[in-house]
Amino acid sequence: MIPIRLRIDPPGGPPVERECREGSLTFGRGADADVSISDHSMSRQHARIVADAGAWMVEDLGARNGTFVNGLRIDGRRPLAAGDVVKMGATLVHVSDAGTERGGAALGFGDLTSSIFRRVADITDDIDAPGGAPSRVAARLKAINDFHRAMAGPISLDALLELLLERLFAALHPEEGVILLRQPDGTLAPAASRRLPGASGELLVSRRLISEVVDKSTAALVSDLAIDERFAGSDSIIGSGIRSILAAPITDATGCVGMVAIYSRAHVRRFGEEDMELLVSLASAAALRIRNVALAEEAAERRVQDHELALAHEIQMAMLPREFPQRAEVEMGAALIPARAVGGDLYDFLLIDDTLWFIVADAAGKGVSAALFMAVTRTLFRAVAGSERTVSSVVTRMNTELARDNERQFFVTAFIGCLALRSGALAYASAGHPPPLWASGQGRPRALDTVDAGVALGILEDAEYHEGRLTLEAGDVLLLYTDGVTEAINGRGELFSDARLEQSFAATAGRPVRESVASIVDAVNGFAAGQPQEDDITVLALRYRGLQAPPM
């Protein structure tokens with residue numbers, strides 16, 4: 001049985017070393033554990049390392065917070081090898097061969113033949129410590145200083161990565177190099193690469209190398225890839241002719257942002273420990289700037305997006321009617337408040353001779369997609385209302401056009417009406433939209449009977465829609481709205497509701513409609529009391545004044 005050495009790093013305490021030759025060793029915060037650790041995130045009996053059939057295994061003992069090997073949670077037992085890092089709660093256990101000399105080049109982290117894997121923190125301590133050949137220290141300091149000066153001014157992320165590779169090639173003379181950066185989903189992807197003229201084939205990055213460097217926060221020096229058992233399964237990279245590898249994580253105070261690796265073929269040169277120290281220094285110098293540049297570029301991109309959204313908001317608001325009909329028979333007022341810069345609500349009207357067409361609509365969703373679908377809906381309304389004779393035919397034709405080739409299944413609810421200004425005759429139809437409120441001289445406002453609400457526009461190409469009819473008397477008021485009004489929410493999770501809307505409308509129905517609309521919007525905002533607006537809010541009020549109304 002080959003013995004192993006364990007370096008145990010508990011939180012808030014000094015590291016402890018244990019050597020295992022046979023049997024098992026249990027870990028936990030309980031006093032009955034072989035290794036009792038003051039770590040509240042560990043279970044009393046957390047895990048054990050055990051010799052089994054000539055191999056060392058780590059076994060999770062049902063720990064509440066789990067046991068991890070090289071960042072992956074284990075279930076039951078998992079084989080251990082030199083260089084592995086076991087995480088139990090906040091405690092790290094580093095595994096190395098017991099034959100490795102303490103304080104040697106590998107520092108107990110897997111010295112395999114010609115390979116060295118060292119923690120970046122240990123390398124940094126060594127670099128900062130006094131001693132070393134003056135010429136070597138001076139050369140390294142000059143390279144680091146020159147790199148800092150070169151990236152001191154404004155620089156893009158791509159230029160920064162190219163600069164890092166340029167300085168590595170100038171100082172260490174590799175044949176190939178690659179930088180990987182962490183993506184939003186947590187994976188690593190190549191962000192920059194360089195190779196000498198004449199180099200051919202695909203630039204490969206071993207998953208095993210990523211695991212060693214990124215997951216364990218170690219710098220890697222592989223002097224001969226062909227005889228290193230860690231990369232025995234990396235046939236593609238061995239077959240490429242690469243023999244010597246130098247790699248380091250790109251890490252700052254907030255975590256690992258990526259890694260850099262350079263490659264050389266054996267007949268060109270082999271990297272050494274001094275080269276590894278320089279690579280770690282340059283990677284560390286680049287790390288903070290990489291994150292800052294990336295954040296600055298993201299901020300600049302957000303500013304561009306915000307500017308574009310602001311323009312889109314202005315365009316969308318400009319699409320709304322600027323003035324209401326200058327007719328003595330009717331009085332109108334409206335308000336539209338998007339939940340975001342742009343939204344999916346709409347109100348519009350079209351005056352054709354003595355007939356007033358009007359619409360209030362609400363596209364599913366919010367933001368740019370809803371706004372685009374709403375713009376199409378408005379265009380259709382204006383085109384179709386001028387050519388069709390009945391409300392039901394207008395709604396049917398709009399639905400047919402919106403449903404055709406609608407693979408994403410966007411849809412919009414709508415209420416469309418047609419008012420004969422001389423007679424007060426109103427024809428209307430609903431496509432899945434909340435019914436308007438109707439206030440007349442006969443009592444409190446009530447919901448308008450929509451006969452058959454129908455389905456939202458854009459869902460079924462052959463959907464049918466039916467008309468409702470009503471004759472408005474002088475003084476009658478219609479209030480059209482979207483569900484962003486009734487579904488506005490306050491800090492207690494309550495909805496503004498149909499009942500509160502009816503109360504607000506009843507209290508203001510006798511006032512000029514523009515004042516009524518403003519009062520209802522104020523009531524909704526007062527109810528929300530600063531809670532974020534979840535949906536677009538639209539209100540349209542229409543009072544029929546009749547033929548005997550005085551000129552406006």
# chains A, B, ... in the order shown; residues from 1 in each chain; ligands from 1
$ residues_around --residues "Pro434 (chain A)" --least-positions-apart "4" --cutoff "9 Å" --atoms "only C-alpha atoms" --output "count of residues only"
10
$ residues_around --residues "region 91-94 of chain A" --least-positions-apart "6" --cutoff "10 Å" --atoms "only C-alpha atoms" --output "number ranges by chain"
A: 5-13, 15-17, 28, 37-39, 41-42, 68-70, 82-85, 108-110, 216
$ closest_residue --among "A:Leu157, A:Val477, A:Ala334, A:Cys20" --to "Ser519 (chain A)" --atoms "only C-alpha atoms"
A:Ala334
$ residues_around --residues "Tyr263 (chain A)" --least-positions-apart "5" --cutoff "6 Å" --atoms "only C-alpha atoms" --output "list in words"
Pro174, Glu175, Glu176, Ser244 and Ile245 of chain A
$ write_last_selection --atoms "N, CA, C and O atoms" --output "mmCIF file, in the first residue's frame"
data_model
loop_
_atom_site.group_PDB
_atom_site.id
_atom_site.type_symbol
_atom_site.label_atom_id
_atom_site.label_comp_id
_atom_site.auth_asym_id
_atom_site.auth_seq_id
_atom_site.Cartn_x
_atom_site.Cartn_y
_atom_site.Cartn_z
ATOM 1 N N PRO A 174 7.538 30.592 -25.887
ATOM 2 C CA PRO A 174 6.789 29.376 -26.203
ATOM 3 C C PRO A 174 6.479 29.336 -27.697
ATOM 4 O O PRO A 174 6.770 30.284 -28.445
ATOM 5 N N GLU A 175 5.900 28.227 -28.136
ATOM 6 C CA GLU A 175 5.450 28.130 -29.526
ATOM 7 C C GLU A 175 3.965 28.454 -29.665
ATOM 8 O O GLU A 175 3.529 28.938 -30.705
ATOM 9 N N GLU A 176 3.203 28.176 -28.601
ATOM 10 C CA GLU A 176 1.765 28.428 -28.636
ATOM 11 C C GLU A 176 1.311 28.923 -27.272
ATOM 12 O O GLU A 176 1.930 28.609 -26.250
ATOM 13 N N SER A 244 6.062 20.330 -23.338
ATOM 14 C CA SER A 244 6.219 21.135 -22.136
ATOM 15 C C SER A 244 5.081 22.140 -22.035
ATOM 16 O O SER A 244 4.736 22.793 -23.026
ATOM 17 N N ILE A 245 4.488 22.238 -20.849
ATOM 18 C CA ILE A 245 3.351 23.133 -20.625
ATOM 19 C C ILE A 245 3.611 23.965 -19.374
ATOM 20 O O ILE A 245 4.132 23.473 -18.371
#
$ select_by_dssp --residues "region 268-425 of chain A" --states "helix (DSSP H, G or I)" --output "PyMOL selection string"
chain A and resi 273-319+367-385+391-403
$ closest_residue --among "A:Glu19, A:Arg291, A:Val178, A:Glu274" --to "Gly255 (chain A)" --atoms "only C-alpha atoms"
A:Arg291
$ residues_around --residues "Asp34 (chain A)" --least-positions-apart "5" --cutoff "7 Å" --atoms "only C-alpha atoms" --output "list in words"
Leu25, Thr26 and Phe27 of chain A
$ write_last_selection --atoms "N, CA and C atoms" --output "compact mmCIF listing (two decimals), in the first residue's frame"
# COMPACT_ATOMS: atom_id res chain seq x y z
N LEU A 25 -9.22 6.89 8.26
CA LEU A 25 -9.13 8.10 9.06
C LEU A 25 -10.45 8.85 8.88
N THR A 26 -11.18 9.05 9.98
CA THR A 26 -12.45 9.77 9.89
C THR A 26 -12.26 11.24 10.23
N PHE A 27 -13.07 12.08 9.58
CA PHE A 27 -13.00 13.53 9.75
C PHE A 27 -14.37 14.03 10.19
$ atom_distance --atom1 "CA of Val485 (chain A)" --atom2 "CA of Thr538 (chain A)"
7.1 Å
$ residues_around --residues "Leu188 (chain A)" --least-positions-apart "3" --cutoff "9 Å" --atoms "only C-alpha atoms" --output "list in words"
Leu180, Leu181, Arg182, Gln183, Asp185, Ile210, Val257, Gly258 and Met259 of chain A
$ write_last_selection --atoms "C-alpha atoms" --output "PDB file, in the first residue's frame"
ATOM      1  CA  LEU A 180      -9.406  31.083 -21.353  1.00  0.00           C
ATOM      2  CA  LEU A 181     -11.933  33.285 -19.567  1.00  0.00           C
ATOM      3  CA  ARG A 182     -14.906  32.296 -17.466  1.00  0.00           C
ATOM      4  CA  GLN A 183     -18.236  32.767 -19.223  1.00  0.00           C
ATOM      5  CA  ASP A 185     -22.593  30.225 -17.312  1.00  0.00           C
ATOM      6  CA  ILE A 210      -8.039  22.999 -16.554  1.00  0.00           C
ATOM      7  CA  VAL A 257     -11.624  34.702 -13.962  1.00  0.00           C
ATOM      8  CA  GLY A 258      -9.753  32.286 -16.229  1.00  0.00           C
ATOM      9  CA  MET A 259      -6.380  30.715 -16.971  1.00  0.00           C
TER      10      MET A 259
END
$ closest_residue --among "A:Trp56, A:Ala33, A:Gly530, A:Ala427" --to "Arg21 (chain A)" --atoms "only C-alpha atoms"
A:Trp56
$ select_by_dssp --residues "region 299-521 of chain A" --states "strand (DSSP E or B)" --output "PyMOL selection string"
chain A and resi 330-337+345-352+355-363+412-420+425-432+437-439+446-447+457+468-471+477-481+489+495
$ residues_around --residues "Leu470 (chain A)" --least-positions-apart "6" --cutoff "12 Å" --atoms "only C-alpha atoms" --output "MDAnalysis selection string"
chainID A and resid 417:420 423:429 438 440 448:451 476 478
$ closest_atom_pairs --of "region 466-546 of chain A" --to "region 385-404 of chain A" --cutoff "12 Å" --atoms "only C-alpha atoms" --output "tab-separated table"
residue	atom	partner	partner_atom	distance
A:His466	CA	A:Ser392	CA	5.7
A:Glu467	CA	A:Ser392	CA	5.7
A:Gly468	CA	A:Val391	CA	9.2
A:Arg469	CA	A:Val391	CA	10.3
